[in-house]
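A short worksheet on the structure shown next.
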Amino acid sequence: MKIGRIETFYVPPRWLFVRVESDDGAVGWGEASLEGHAEAVDGAFEALRDRFIGQDPHRIEDIWQVAYRGGFYRGGPVLMSALSGLDQALWDLKGKTLGIPAWEMLGGKVRDKVRAYAWIGGDRPDEIGAAAKARAEQGFSAVKMNATAGWTGWVRPNCSTRCWSGFAPPRKPGWMWDSIFMGASTGPWPGNW
């Protein structure tokens, strides 16, 4: 088996995906996004294509080492994003050809579930509150969001979330408002995670 093709796909507004196809038709996918620099990462794939088409896709560590150490200069975020996407695609391809998930090849399962957050939009505090409530009703205990137009608070250096001025999230029974509004960064996760 040899690498037959390495393709990249830009998906607006910021994502870059890589598809590696072997000469016998096996396919693996990876993500090589570097926000704001997708074109630069895509350009890095020109050198990776030249170097690795025709190589054995199962030699993942060898490909990684050659890509990282093979040039005169080590890579920064552009090369590392391209290399990350290529690495993911090669693991995906290998797992598919062997009939096992990539996590099994990488040492096996570590946990039975992973805590996740949901993104919410909105520009006004009431929109954010409604969106956060809807996500909580879906089972999420944390969200990620942009700052709102109604935000008036500033954070002082070396200050916990309790020191925020101009903003005090409402406290309601049964809600994890610190997690909802602060991205679950104010304390440990609940024990059942």
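The chains in the structure tokens are called A, B, ... from first to last as shown; in each chain the residues are counted from 1, and the ligands are counted from 1 in the order shown.
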Query - Residue neighbourhood range 97-110 of chain A, 8 Å, only C-alpha atoms, exclusion window fewer than 5 positions, as a list in words - result: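 Residues near the query, excluding close chain neighbours: Ala26, Trp91 and Asp92 of chain A.
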Requested in this report: For range 43-47 of chain A, work out the shell of residues within 12 Å, counting only C-alpha atoms and skipping chain neighbours fewer than 3 positions away, then give it as a count of residues only.
Outcome: 38
Report task. From the DSSP assignment of the backbone, select every residue of range 14-85 of chain A that is alpha helix (DSSP H), and format the answer as a PyMOL selection string. Result -> chain A and resi 38-52+60-69+77-85
If you count only C-alpha atoms, which residues fall within 7 Å of Arg14 in chain A, apart from same-chain ones fewer than 5 positions away, as an mmCIF file with C-alpha atoms, in the first residue's frame?
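Writing done, so here's selection-v7.cif:
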```
data_model
loop_
_atom_site.group_PDB
_atom_site.id
_atom_site.type_symbol
_atom_site.label_atom_id
_atom_site.label_comp_id
_atom_site.auth_asym_id
_atom_site.auth_seq_id
_atom_site.Cartn_x
_atom_site.Cartn_y
_atom_site.Cartn_z
ATOM 1 C CA SER A 33 -7.159 24.210 10.569
ATOM 2 C CA GLU A 35 -7.700 30.048 12.141
ATOM 3 C CA GLY A 36 -6.969 32.910 9.793
ATOM 4 C CA ALA A 38 -5.863 28.271 6.037
#
```
Query raised in the report: In Å to one decimal, how far is CA of Arg115 in chain A from CA of Pro13 in chain A?
Result: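 Computed distance, CA of Pro13 in chain A to CA of Arg115 in chain A, equals 25.9 Å.
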Requested in this report: Please indicate the distance in Å from CA of Gly25 in chain A to CA of Asp42 in chain A, rounded to one decimal place.
Outcome: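 CA of Gly25 in chain A sits 22.6 Å away from CA of Asp42 in chain A.
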Report task. Looking only at strand (DSSP E or B) from DSSP on the backbone, list the matching residues of range 8-122 of chain A as a PyMOL selection string. Result -> chain A and resi 8-11+15-22+27-31+118-120
Using only C-alpha atoms, please write the residues we just selected to a file, as an mmCIF file, in the first residue's frame.
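What ended up in result-v9.cif:
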```
data_model
loop_
_atom_site.group_PDB
_atom_site.id
_atom_site.type_symbol
_atom_site.label_atom_id
_atom_site.label_comp_id
_atom_site.auth_asym_id
_atom_site.auth_seq_id
_atom_site.Cartn_x
_atom_site.Cartn_y
_atom_site.Cartn_z
ATOM 1 C CA THR A 8 -6.977 19.596 1.078
ATOM 2 C CA PHE A 9 -10.429 21.144 1.355
ATOM 3 C CA TYR A 10 -11.074 24.655 2.642
ATOM 4 C CA VAL A 11 -14.450 24.963 4.390
ATOM 5 C CA TRP A 15 -11.470 25.094 8.465
ATOM 6 C CA LEU A 16 -9.015 23.113 6.384
ATOM 7 C CA PHE A 17 -9.461 19.361 6.040
ATOM 8 C CA VAL A 18 -7.009 16.879 4.571
ATOM 9 C CA ARG A 19 -7.892 13.667 2.766
ATOM 10 C CA VAL A 20 -5.251 10.979 2.257
ATOM 11 C CA GLU A 21 -6.026 8.228 -0.222
ATOM 12 C CA SER A 22 -3.938 5.110 -0.728
ATOM 13 C CA VAL A 27 -9.192 6.944 2.654
ATOM 14 C CA GLY A 28 -8.379 8.810 5.864
ATOM 15 C CA TRP A 29 -9.453 12.287 6.964
ATOM 16 C CA GLY A 30 -7.851 14.875 9.255
ATOM 17 C CA GLU A 31 -8.298 18.522 10.219
ATOM 18 C CA ALA A 118 -21.998 23.764 23.272
ATOM 19 C CA TRP A 119 -21.492 27.050 21.454
ATOM 20 C CA ILE A 120 -24.186 29.700 21.744
#
```
Query - Which of A:Arg49, A:Arg74, A:His58, A:Arg135 sits closest to Lys94 in chain A [using only C-alpha atoms] - result: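 Result for the nearest residue to Lys94 in chain A: A:His58.
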